[in-house]
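**Student:** The following file, coords.csv, comprises CSV, C-alpha atoms:
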chain,number,residue,atom,x,y,z
A,84,MET,CA,39.5,200.9,-59.4
A,85,ASP,CA,42.1,200.1,-62.1
A,86,ASN,CA,42.9,196.5,-62.9
A,87,TRP,CA,46.7,196.0,-62.8
A,88,PHE,CA,48.9,193.4,-64.5
A,89,ALA,CA,52.6,192.8,-63.4
A,90,VAL,CA,55.2,191.9,-66.0
A,91,VAL,CA,58.6,190.7,-64.8
A,92,THR,CA,61.1,191.6,-66.6
A,93,ALA,CA,60.8,194.5,-69.1
A,94,GLY,CA,63.4,193.9,-71.7
A,95,ARG,CA,63.0,193.9,-75.5
A,96,TRP,CA,61.5,190.4,-75.7
A,97,GLN,CA,58.9,191.2,-73.0
A,98,VAL,CA,57.4,194.2,-74.9
A,99,ASN,CA,55.0,192.1,-76.9
A,100,GLY,CA,53.6,190.7,-73.7
A,101,ILE,CA,53.3,194.1,-72.1
A,102,LEU,CA,51.3,195.3,-75.1
A,103,ALA,CA,49.1,192.2,-75.0
A,104,ALA,CA,48.1,192.8,-71.4
A,105,ARG,CA,47.4,196.5,-72.2
A,106,ASN,CA,45.3,195.5,-75.2
A,107,LEU,CA,43.2,193.3,-72.9
A,108,GLY,CA,42.4,196.5,-70.9
A,109,TYR,CA,44.9,196.1,-68.0
A,110,LYS,CA,47.3,198.7,-66.6
A,111,VAL,CA,50.8,197.3,-66.6
A,112,VAL,CA,53.4,197.6,-63.9
A,113,ALA,CA,56.7,196.5,-65.4
A,114,ILE,CA,59.5,195.3,-63.1
A,115,ASP,CA,63.2,195.3,-64.1
A,116,ALA,CA,66.6,196.0,-62.6
A,117,ASP,CA,67.7,197.8,-65.7
A,118,PRO,CA,66.7,201.5,-65.6
A,119,HIS,CA,66.8,201.5,-69.5
A,120,ALA,CA,64.6,198.4,-70.0
A,121,GLU,CA,62.8,198.9,-73.3
A,122,GLY,CA,59.5,197.7,-71.9
A,123,PHE,CA,59.4,200.6,-69.4
A,124,SER,CA,58.3,203.0,-72.1
A,125,HIS,CA,55.2,200.9,-72.8
A,126,ALA,CA,54.2,200.4,-69.1
A,127,ASP,CA,51.8,202.4,-67.0
A,128,HIS,CA,54.0,202.2,-63.9
A,129,ILE,CA,57.6,200.9,-63.4
A,130,ILE,CA,59.4,199.3,-60.6
A,131,ASN,CA,63.2,199.6,-61.1
A,132,LEU,CA,64.6,197.2,-58.6
A,133,PRO,CA,66.8,194.1,-58.6
A,134,LEU,CA,64.5,191.0,-59.0
A,135,THR,CA,65.9,189.5,-55.8
A,136,ASN,CA,64.4,192.4,-53.7
A,137,VAL,CA,61.2,190.4,-53.4
A,138,GLU,CA,59.8,192.0,-50.2
A,139,VAL,CA,60.4,195.5,-51.5
A,140,VAL,CA,58.8,194.7,-54.8
A,141,LEU,CA,55.8,193.2,-53.1
A,142,SER,CA,55.5,196.2,-50.8
A,143,GLU,CA,55.6,198.6,-53.8
A,144,LEU,CA,52.9,196.5,-55.7
A,145,LYS,CA,50.7,196.5,-52.6
A,146,ALA,CA,51.1,200.3,-52.3
A,147,LEU,CA,50.3,200.7,-56.0
A,148,THR,CA,47.1,198.6,-56.2
A,149,GLY,CA,44.9,196.3,-54.2
A,150,ASP,CA,43.6,194.9,-57.4
A,151,LEU,CA,46.5,193.1,-59.1
A,152,ARG,CA,44.9,190.6,-61.5
A,153,GLY,CA,47.9,188.8,-63.1
A,154,ALA,CA,51.7,188.4,-63.0
A,155,VAL,CA,53.9,186.9,-65.7
A,156,SER,CA,57.4,186.6,-67.0
A,157,PHE,CA,56.5,186.2,-70.7
A,158,ALA,CA,59.9,185.3,-72.2
A,159,SER,CA,62.6,185.7,-69.5
A,160,ASP,CA,63.9,183.0,-67.1
A,161,ALA,CA,65.2,185.7,-64.8
A,162,GLY,CA,61.7,186.9,-64.1
A,163,VAL,CA,60.0,183.6,-63.5
A,164,PRO,CA,60.8,183.2,-59.8
A,165,LEU,CA,59.7,186.8,-58.9
A,166,ALA,CA,56.5,186.4,-60.9
A,167,ALA,CA,55.7,183.3,-59.0
A,168,GLU,CA,56.3,185.1,-55.6
A,169,ILE,CA,54.0,187.9,-56.8
A,170,ARG,CA,51.3,185.3,-57.7
A,171,GLN,CA,51.5,183.6,-54.4
A,172,TYR,CA,51.4,186.8,-52.4
A,173,PHE,CA,48.4,188.2,-54.3
A,174,ASN,CA,46.7,184.7,-54.7
A,175,LEU,CA,46.8,184.9,-58.5
A,176,PRO,CA,46.5,182.2,-61.1
A,177,GLY,CA,49.7,180.5,-62.3
A,178,ALA,CA,52.7,178.4,-61.3
A,179,HIS,CA,53.8,178.5,-57.7
A,180,PRO,CA,57.3,179.2,-56.5
A,181,GLU,CA,58.3,175.6,-56.0
A,182,LEU,CA,57.3,174.6,-59.5
A,183,CYS,CA,59.0,177.7,-61.0
A,184,SER,CA,62.2,176.8,-59.2
A,185,ARG,CA,62.2,173.5,-61.1
A,186,LEU,CA,61.4,175.4,-64.3
A,187,VAL,CA,64.5,177.6,-64.1
A,188,ASN,CA,67.0,175.3,-62.3
A,189,LYS,CA,68.5,172.7,-64.7
A,190,ALA,CA,69.9,170.7,-61.8
A,191,GLN,CA,66.4,170.3,-60.3
A,192,GLN,CA,65.1,169.4,-63.7
A,193,ARG,CA,67.6,166.6,-64.2
A,194,ARG,CA,66.9,165.1,-60.9
A,195,VAL,CA,63.1,165.0,-61.6
A,196,TRP,CA,63.7,163.6,-65.1
A,197,ALA,CA,66.0,160.9,-63.8
A,198,GLU,CA,63.2,159.7,-61.5
A,199,HIS,CA,60.7,159.6,-64.4
A,200,ARG,CA,63.1,158.1,-66.9
A,201,VAL,CA,62.9,161.1,-69.3
A,202,PRO,CA,65.8,160.6,-71.8
A,203,GLY,CA,68.8,162.8,-71.6
A,204,PRO,CA,72.6,162.9,-71.1
A,205,ARG,CA,74.7,161.6,-68.2
A,206,VAL,CA,74.8,164.4,-65.7
A,207,GLU,CA,76.8,165.4,-62.6
A,208,VAL,CA,76.1,168.5,-60.5
A,209,VAL,CA,78.9,170.3,-58.8
A,210,THR,CA,78.9,173.2,-56.4
A,211,THR,CA,82.5,174.5,-56.4
A,212,PRO,CA,85.1,175.1,-59.1
A,213,GLN,CA,87.4,172.6,-57.4
A,214,ALA,CA,84.8,169.9,-57.4
A,215,ALA,CA,84.1,170.6,-61.1
A,216,LEU,CA,87.8,170.2,-62.0
A,217,VAL,CA,88.0,166.9,-60.2
A,218,ALA,CA,84.7,165.6,-61.8
A,219,ILE,CA,85.8,166.6,-65.3
A,220,GLU,CA,88.9,164.4,-64.9
A,221,ASN,CA,86.7,161.4,-64.4
A,222,PHE,CA,83.8,162.4,-66.7
A,223,GLY,CA,85.2,161.8,-70.2
A,224,PHE,CA,85.2,164.0,-73.3
A,225,PRO,CA,83.4,165.6,-75.1
A,226,LEU,CA,81.2,167.2,-72.4
A,227,VAL,CA,79.1,170.3,-71.9
A,228,ILE,CA,79.5,172.5,-68.8
A,229,LYS,CA,76.7,174.9,-68.0
A,230,PRO,CA,75.3,176.9,-65.1
A,231,ALA,CA,72.2,175.4,-63.5
A,232,ASP,CA,70.3,178.6,-63.6
A,233,SER,CA,71.2,180.6,-66.7
A,234,SER,CA,69.7,181.0,-70.2
A,235,GLY,CA,70.6,182.2,-73.7
A,236,SER,CA,73.8,180.1,-73.8
A,237,ARG,CA,75.4,182.2,-71.1
A,238,GLY,CA,78.2,180.3,-69.4
A,239,VAL,CA,77.8,177.2,-71.6
A,240,THR,CA,80.9,175.6,-73.0
A,241,LYS,CA,81.5,172.4,-74.9
A,242,LEU,CA,84.9,170.9,-73.9
A,243,GLU,CA,86.4,168.6,-76.6
A,244,SER,CA,89.4,167.4,-74.6
A,245,SER,CA,91.7,168.2,-71.6
A,246,ASP,CA,93.7,170.4,-74.0
A,247,ASP,CA,90.9,172.9,-73.9
A,248,ASP,CA,90.9,175.8,-71.3
A,249,VAL,CA,89.0,173.8,-68.7
A,250,LEU,CA,89.6,176.2,-65.9
A,251,GLU,CA,88.2,179.1,-68.0
A,252,ALA,CA,85.1,177.1,-68.8
A,253,VAL,CA,84.6,176.2,-65.2
A,254,ASN,CA,85.0,179.7,-64.0
A,255,ARG,CA,82.7,181.0,-66.7
A,256,ALA,CA,79.9,178.6,-65.8
A,257,PHE,CA,80.1,179.5,-62.1
A,258,HIS,CA,80.2,183.2,-63.0
A,259,PHE,CA,76.7,182.9,-64.6
A,260,SER,CA,75.2,180.7,-61.8
A,261,LYS,CA,73.4,182.6,-59.1
A,262,THR,CA,72.9,179.4,-57.1
A,263,LYS,CA,76.5,178.3,-57.6
A,264,GLU,CA,75.5,175.0,-59.1
A,265,VAL,CA,77.0,173.8,-62.3
A,266,LEU,CA,76.2,170.8,-64.5
A,267,LEU,CA,78.5,168.5,-66.4
A,268,GLU,CA,76.7,166.7,-69.2
A,269,SER,CA,77.8,164.1,-71.6
A,270,PHE,CA,77.7,165.6,-75.1
A,271,MET,CA,74.7,164.4,-77.1
A,272,ASP,CA,75.9,164.2,-80.7
A,273,GLY,CA,73.2,165.1,-83.1
A,274,VAL,CA,70.9,167.9,-84.3
A,275,GLU,CA,69.2,170.3,-81.9
A,276,PHE,CA,65.5,171.2,-82.1
A,277,THR,CA,63.3,173.7,-80.2
A,278,VAL,CA,59.7,173.0,-79.2
A,279,GLU,CA,57.4,175.9,-78.4
A,280,SER,CA,54.2,175.0,-76.6
A,281,PHE,CA,51.3,176.3,-74.6
A,282,SER,CA,49.6,174.3,-71.9
A,283,VAL,CA,46.1,174.6,-70.6
A,284,ARG,CA,45.0,172.5,-67.6
A,285,GLY,CA,47.6,169.8,-68.4
A,286,LYS,CA,47.0,169.6,-72.1
A,287,HIS,CA,50.2,170.6,-74.0
A,288,HIS,CA,49.6,172.2,-77.3
A,289,ILE,CA,52.6,172.2,-79.6
A,290,LEU,CA,52.8,175.5,-81.5
A,291,ALA,CA,56.1,175.2,-83.3
A,292,VAL,CA,59.0,172.7,-83.8
A,293,THR,CA,62.2,174.1,-85.3
A,294,GLU,CA,65.5,172.7,-86.3
A,295,LYS,CA,68.6,174.7,-85.2
A,296,LEU,CA,71.7,175.6,-87.1
A,297,LYS,CA,74.6,176.8,-85.0
A,298,VAL,CA,77.2,179.6,-85.5
A,299,GLU,CA,80.5,178.2,-86.6
A,300,GLY,CA,83.3,178.5,-84.0
A,301,THR,CA,80.9,178.4,-81.0
A,302,ARG,CA,81.1,174.6,-80.6
A,303,GLY,CA,77.4,174.3,-81.0
A,304,THR,CA,76.3,176.7,-78.2
A,305,VAL,CA,74.9,179.7,-80.2
A,306,ALA,CA,72.1,179.4,-82.7
A,307,ARG,CA,72.3,180.9,-86.2
A,308,GLU,CA,68.9,179.8,-87.4
A,309,LEU,CA,65.6,178.2,-86.3
A,310,ALA,CA,63.6,176.7,-89.1
A,311,THR,CA,60.6,174.5,-89.8
A,312,PRO,CA,62.2,171.1,-90.2
A,313,GLN,CA,62.1,168.9,-93.2
A,314,ARG,CA,61.8,165.7,-91.2
A,315,SER,CA,59.4,162.8,-91.2
A,316,PRO,CA,56.2,163.1,-89.1
A,317,ALA,CA,57.5,160.1,-87.0
A,318,VAL,CA,60.6,162.1,-86.0
A,319,ILE,CA,58.6,165.2,-85.1
A,320,ASP,CA,56.1,163.1,-83.1
A,321,SER,CA,58.9,161.5,-81.1
A,322,ILE,CA,60.4,164.9,-80.3
A,323,GLU,CA,57.0,166.3,-79.2
A,324,LYS,CA,56.4,163.2,-76.9
A,325,VAL,CA,59.7,163.6,-75.1
A,326,VAL,CA,59.0,167.3,-74.4
A,327,MET,CA,55.5,166.6,-73.2
A,328,SER,CA,56.8,163.9,-70.9
A,329,ALA,CA,59.3,166.3,-69.5
A,330,TYR,CA,56.6,168.9,-68.6
A,331,ARG,CA,54.4,166.3,-67.1
A,332,ALA,CA,57.2,165.1,-64.9
A,333,LEU,CA,57.9,168.6,-63.6
A,334,GLY,CA,54.1,169.2,-63.0
A,335,TYR,CA,53.9,172.1,-65.4
A,336,GLU,CA,50.2,172.3,-66.6
A,337,ASP,CA,49.5,175.9,-67.6
A,338,GLY,CA,51.5,178.5,-69.6
A,339,PRO,CA,53.9,178.9,-72.4
A,340,GLY,CA,56.9,176.6,-72.8
A,341,HIS,CA,60.2,176.6,-74.6
A,342,ALA,CA,62.2,173.3,-74.8
A,343,GLU,CA,65.4,172.1,-76.5
A,344,VAL,CA,66.1,168.5,-77.5
A,345,ILE,CA,68.7,166.6,-79.5
A,346,LEU,CA,67.9,164.1,-82.2
A,347,MET,CA,71.0,161.9,-81.8
A,348,LYS,CA,72.7,160.1,-84.6
A,349,ASP,CA,71.2,156.8,-83.4
A,350,GLY,CA,67.7,158.2,-83.8
A,351,LYS,CA,67.1,158.6,-80.1
A,352,ILE,CA,65.8,161.8,-78.5
A,353,GLY,CA,67.7,163.5,-75.6
A,354,LEU,CA,66.3,166.4,-73.6
A,355,VAL,CA,68.5,169.4,-73.2
A,356,GLU,CA,66.2,171.6,-71.1
A,357,VAL,CA,62.8,173.1,-70.8
A,358,ALA,CA,61.5,176.5,-69.6
A,359,GLY,CA,58.1,177.7,-68.3
A,360,ARG,CA,58.1,180.8,-70.5
A,361,GLY,CA,58.3,181.7,-74.1
A,362,GLY,CA,61.6,181.7,-76.1
A,363,GLY,CA,63.5,185.0,-76.3
A,364,PHE,CA,65.2,186.6,-79.3
A,365,LEU,CA,62.0,186.9,-81.4
A,366,VAL,CA,60.8,183.3,-80.8
A,367,PHE,CA,57.9,184.2,-78.6
A,368,ASP,CA,56.8,187.4,-80.3
A,369,ARG,CA,57.5,186.6,-84.0
A,370,LEU,CA,58.4,182.9,-84.7
A,371,VAL,CA,55.5,181.2,-82.8
A,372,PRO,CA,52.8,183.4,-84.2
A,373,SER,CA,54.2,183.0,-87.7
A,374,VAL,CA,54.3,179.2,-87.5
A,375,SER,CA,51.1,178.6,-85.5
A,376,GLY,CA,48.9,181.5,-86.4
A,377,ILE,CA,48.3,181.9,-82.6
A,378,ASP,CA,49.0,185.1,-80.6
A,379,ILE,CA,50.7,183.4,-77.7
A,380,ALA,CA,51.4,186.6,-75.9
A,381,ARG,CA,47.6,187.3,-75.7
A,382,LEU,CA,46.9,183.8,-74.6
A,383,THR,CA,49.5,184.0,-71.9
A,384,ALA,CA,48.1,187.3,-70.6
A,385,MET,CA,44.5,185.9,-70.7
A,386,GLN,CA,45.5,182.8,-68.8
A,387,ALA,CA,47.4,184.8,-66.2
A,388,VAL,CA,44.2,186.6,-65.2
A,389,GLY,CA,42.1,183.4,-65.0
A,390,MET,CA,40.3,183.6,-68.3
A,391,GLN,CA,39.1,180.3,-69.8
A,392,LEU,CA,40.8,179.4,-73.0
A,393,HIS,CA,39.2,177.2,-75.7
A,394,ASN,CA,39.8,176.0,-79.3
A,395,ILE,CA,43.5,176.3,-79.5
A,396,ARG,CA,44.2,174.9,-83.0
A,397,PRO,CA,47.7,175.6,-84.2
A,398,GLU,CA,48.5,175.9,-87.9
A,399,CYS,CA,51.8,174.8,-89.4
A,400,ASN,CA,53.2,177.6,-91.5
A,401,PRO,CA,56.8,176.9,-92.7
A,402,THR,CA,59.0,179.6,-91.2
A,403,VAL,CA,62.7,180.5,-90.9
A,404,LEU,CA,64.1,182.7,-88.2
A,405,ARG,CA,67.7,183.6,-89.1
A,406,PHE,CA,70.2,185.7,-87.2
A,407,PHE,CA,73.3,187.7,-88.1
A,408,PRO,CA,75.9,186.7,-85.5
A,409,SER,CA,78.2,189.4,-84.2
A,410,ARG,CA,81.8,189.8,-85.4
A,411,GLN,CA,84.8,191.5,-83.9
A,412,GLY,CA,84.6,195.3,-84.2
A,413,LYS,CA,82.4,198.4,-83.9
A,414,LEU,CA,79.1,198.6,-85.8
A,415,ILE,CA,79.2,201.6,-88.1
A,416,ALA,CA,76.4,201.0,-90.6
A,417,ILE,CA,73.4,198.8,-91.3
A,418,ARG,CA,72.3,198.5,-94.9
A,419,GLY,CA,69.4,196.8,-96.8
A,420,LEU,CA,66.8,196.3,-94.1
A,421,GLU,CA,64.3,198.4,-96.0
A,422,LEU,CA,64.8,196.4,-99.2
A,423,ALA,CA,64.5,193.1,-97.3
A,424,ASN,CA,61.2,194.2,-95.7
A,425,GLU,CA,59.7,194.9,-99.1
A,426,LEU,CA,60.0,191.1,-100.0
A,427,GLU,CA,56.7,189.2,-99.7
A,428,GLY,CA,56.6,187.0,-96.6
A,429,VAL,CA,59.8,188.6,-95.0
A,430,GLU,CA,60.4,190.7,-92.0
A,431,ALA,CA,63.9,191.9,-91.0
A,432,GLY,CA,65.3,194.1,-88.3
A,433,ALA,CA,68.4,195.0,-86.3
A,434,ILE,CA,69.2,193.9,-82.8
A,435,ALA,CA,72.4,195.9,-82.4
A,436,LYS,CA,72.7,199.7,-82.6
A,437,ILE,CA,75.2,201.8,-84.5
A,438,GLY,CA,78.2,202.3,-82.3
A,439,ASP,CA,77.9,199.0,-80.4
A,440,LEU,CA,81.2,197.1,-79.8
A,441,PHE,CA,81.5,193.3,-80.3
A,442,THR,CA,84.1,190.7,-79.6
A,443,GLY,CA,82.4,187.8,-81.4
A,444,ALA,CA,79.5,185.4,-80.9
A,445,ALA,CA,79.7,183.7,-77.5
A,446,THR,CA,76.1,183.8,-76.4
A,447,ASP,CA,72.6,184.1,-78.0
A,448,GLY,CA,72.8,187.8,-77.2
A,449,ASP,CA,75.7,188.4,-79.5
A,450,ARG,CA,73.6,189.1,-82.6
A,451,LEU,CA,73.4,192.0,-85.0
A,452,GLY,CA,70.0,191.4,-86.6
A,453,TRP,CA,67.4,189.0,-87.8
A,454,ILE,CA,65.3,187.8,-90.7
A,455,LEU,CA,61.9,186.1,-90.4
A,456,SER,CA,60.6,184.5,-93.6
A,457,ARG,CA,57.5,182.4,-94.3
A,458,GLY,CA,56.6,180.3,-97.3
A,459,ASP,CA,54.2,177.6,-98.5
A,460,THR,CA,57.0,175.0,-98.0
A,461,PRO,CA,60.1,174.9,-95.8
A,462,GLN,CA,62.2,175.2,-99.0
A,463,ILE,CA,60.4,178.4,-100.1
A,464,ALA,CA,60.8,179.9,-96.6
A,465,GLN,CA,64.5,179.2,-96.9
A,466,GLN,CA,64.8,180.7,-100.3
A,467,LYS,CA,63.1,183.9,-99.0
A,468,ALA,CA,65.5,184.0,-96.1
A,469,ASP,CA,68.5,183.6,-98.5
A,470,GLN,CA,67.2,186.4,-100.7
A,471,ALA,CA,66.7,188.8,-97.8
A,472,GLU,CA,70.1,187.9,-96.4
A,473,SER,CA,71.8,188.8,-99.7
A,474,LEU,CA,70.3,192.4,-99.4
A,475,ILE,CA,71.4,193.1,-95.8
A,476,SER,CA,74.8,194.0,-94.5
A,477,PHE,CA,76.1,195.0,-91.1
A,478,VAL,CA,79.3,197.0,-91.4
A,479,LEU,CA,81.9,196.7,-88.6
A,480,VAL,CA,85.3,198.1,-88.3
A,481,GLU,CA,88.0,196.7,-86.0
A,482,GLN,CA,89.0,198.8,-83.0
Take the structure I supplied and represent it as C-alpha cells, if you would.

**Tutor:**
Amino acid sequence: MDNWFAVVTAGRWQVNGILAARNLGYKVVAIDADPHAEGFSHADHIINLPLTNVEVVLSELKALTGDLRGAVSFASDAGVPLAAEIRQYFNLPGAHPELCSRLVNKAQQRRVWAEHRVPGPRVEVVTTPQAALVAIENFGFPLVIKPADSSGSRGVTKLESSDDDVLEAVNRAFHFSKTKEVLLESFMDGVEFTVESFSVRGKHHILAVTEKLKVEGTRGTVARELATPQRSPAVIDSIEKVVMSAYRALGYEDGPGHAEVILMKDGKIGLVEVAGRGGGFLVFDRLVPSVSGIDIARLTAMQAVGMQLHNIRPECNPTVLRFFPSRQGKLIAIRGLELANELEGVEAGAIAKIGDLFTGAATDGDRLGWILSRGDTPQIAQQKADQAESLISFVLVEQ
C-alpha cells in the first residue's frame, strides 16, 4: 500500500514542501482551488477544489487512500484550516482545527494576547463597514486597518488622517476578509522585523531574524527587503522572547512559524502577527535555509508524519532577500539574471512572466523578481545584493 501525504495548497511557495515530502518516500496529493497551481505538476495526485469544500475533499482523500500519513500547509495561511480538518479526520499528527483558527485569525490572536499581556498595539475589531467608519472617527490617527484573516499585505492600509480615502480602505479590508472581521490597530512607529521559527514539543527554535525595508509609496505595508539585522544581541533577544511568548499564549507547540514584530522608537517591542506556517515569497524555501543551514521543509514534512526530531542547531549566516517591486505597465523583457547568478553567494530569479500587467505595488504579491545573497557579514551580503541588483533590469512599457 502506498503512503500518502496531503499538501494544502499547491502554489509556487508550496513546491519545496511537496518535493520534501516526495524525497522522504511519500506520494503527494496536492489540493488547491487554482487549476493552474504550480505544485500540481510535482504531485502524484491532485484535488482541484475550493478549500472550503471540506467534506468533498475529505471524501476524495478517503477514496484515494486509507493510508494518509501527514497533512500540511507549508507556507500558506489559506491552507492551514483545511490541513487541520484533514489531520483531525484521519487522526494525524499536528495542530487541531481550533488552534489553527487562532493561527490564521488575527482577531482571535489579539484577544488571546491581551489576556496574556503580550505587547502590541491598541486594537478594535469591527464586523461591518458602517461600524468601521464609526470606530475610525473615535480611534485616532495614524492607524492600520486590516482583514482578520488575510496574508501577504492583502487588504492592509495605513491611514494617516481623515483626509485619506477612509471608505476605500474599509471596503478593501472587508473585501479580503472571509470572516468579515476587520481590525483597527494603532500604528506602531518603528522598524519591522520577521522571525522564522520551528517548534518541537513546545521548544521554539529561532531559525532566522530579519529586518524589513519597505517599498516607498505603500505606507509601510509592502516589503522590499528582508536582511540579517545589524543590531545588538540584546535587541534580537528581546524580539525573540516576544515571539516565543506569543506562540506559547496561543498554544502552538509543533511546526514552522512566521512572525512579524515592530521595534518601536522607544525601544519596546510590539507584536504585529504570527502564523503557524512558513513565510511565503521565498522566505520558507530560500531565506530560512540560507540563514540557518536547516532544511525546514524537510523537517516540517518529517514532523507531519510523526517522526522524532533531534539536534536542531541553527547557524546564523548573514543573508539578504531583496525584491524588485512592480511598477505600472506591461513586462516585456527581463535582463541580467544569468549574470547575477554567476556571482558567488548570489541567487536571483523572476516572479513575474513576460506579458504580465501591473498597476503598482499594493501587496506582497506585486513583485517582479528577487535576489538572495549571503556573505560572511551582513555588510558583505548587502554588497553582493547591490552588485546583483545593478546587473538586473525588468523592462515595462505603459499600456

**Student:** Name the closest residue to A:Ser375 among the candidates A:Ala197, A:Val388, A:Ala291, A:Ala416; distances are taken between atoms, counting all atoms listed in the file.

**Tutor:**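 Of A:Ala197, A:Val388, A:Ala291, A:Ala416, the one nearest A:Ser375 is A:Ala291, counting all atoms listed in the file.
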
**Student:** So that each row is one residue of stretch 307-374 of chain A with an atom at most 12 Å from stretch 395-398 of chain A, can you give its shortest atom pair and the distance in Å to one decimal, using all atoms listed in the file, rows by chain and rising number, as a Markdown table?

**Tutor:**
| residue | atom | partner | partner_atom | distance |
| --- | --- | --- | --- | --- |
| A:Val371 | CA | A:Pro397 | CA | 9.7 |
| A:Pro372 | CA | A:Pro397 | CA | 9.3 |
| A:Ser373 | CA | A:Glu398 | CA | 9.1 |
| A:Val374 | CA | A:Glu398 | CA | 6.7 |

**Student:** Quick one, how far is atom CA of A:Glu472 from atom CA of A:Leu455?

**Tutor:** 10.3 Å

**Student:** For a quick check of understanding, using all atoms listed in the file, which of A:Ala332, A:Leu404, A:Val265, A:Ile114 has the smallest distance to A:Ile129?

**Tutor:**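 Closest to A:Ile129 of all the choices is A:Ile114.
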
**Student:** Of the candidates A:Leu165, A:Ile377, A:Trp87, A:Lys145, which one gets nearest to A:His128 if we count all atoms listed in the file?

**Tutor:**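 Result for the nearest residue to A:His128: A:Trp87.
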
**Student:** Near stretch 185-193 of chain A, counting all atoms listed in the file, which residues have an atom at most 6 Å away, once you skip same-chain residues fewer than 2 positions from it, shown as a PDB file with C-alpha atoms, in the coordinates of the input?

**Tutor:**
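Produced file out_25.pdb, reproduced below:
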ATOM      1  CA  LEU A 182      57.300 174.600 -59.500  1.00  0.00           C
ATOM      2  CA  CYS A 183      59.000 177.700 -61.000  1.00  0.00           C
ATOM      3  CA  VAL A 195      63.100 165.000 -61.600  1.00  0.00           C
ATOM      4  CA  TRP A 196      63.700 163.600 -65.100  1.00  0.00           C
ATOM      5  CA  ALA A 197      66.000 160.900 -63.800  1.00  0.00           C
ATOM      6  CA  ALA A 231      72.200 175.400 -63.500  1.00  0.00           C
ATOM      7  CA  ASP A 232      70.300 178.600 -63.600  1.00  0.00           C
ATOM      8  CA  ALA A 358      61.500 176.500 -69.600  1.00  0.00           C
ATOM      9  CA  GLY A 359      58.100 177.700 -68.300  1.00  0.00           C
TER      10      GLY A 359
END

**Student:** Which one is closest to A:Tyr109: A:Ala387, A:Leu242, A:Gly285, A:Ala93? Count all atoms listed in the file.

**Tutor:**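 Under the stated criterion, the closest residue is A:Ala387.
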
**Student:** What gap, in Å, lies between atom CA of A:Gln386 and atom CA of A:Leu141?

**Tutor:** 21.5 Å

**Student:** Can you pull out every residue within 10 Å of A:Arg405, counting all atoms listed in the file, but drop anything in the same chain fewer than 2 positions away, and send it as a ChimeraX atom specification?

**Tutor:** /A:295-296,306-310,402-403,407-408,431,452-456,465,468-469,472
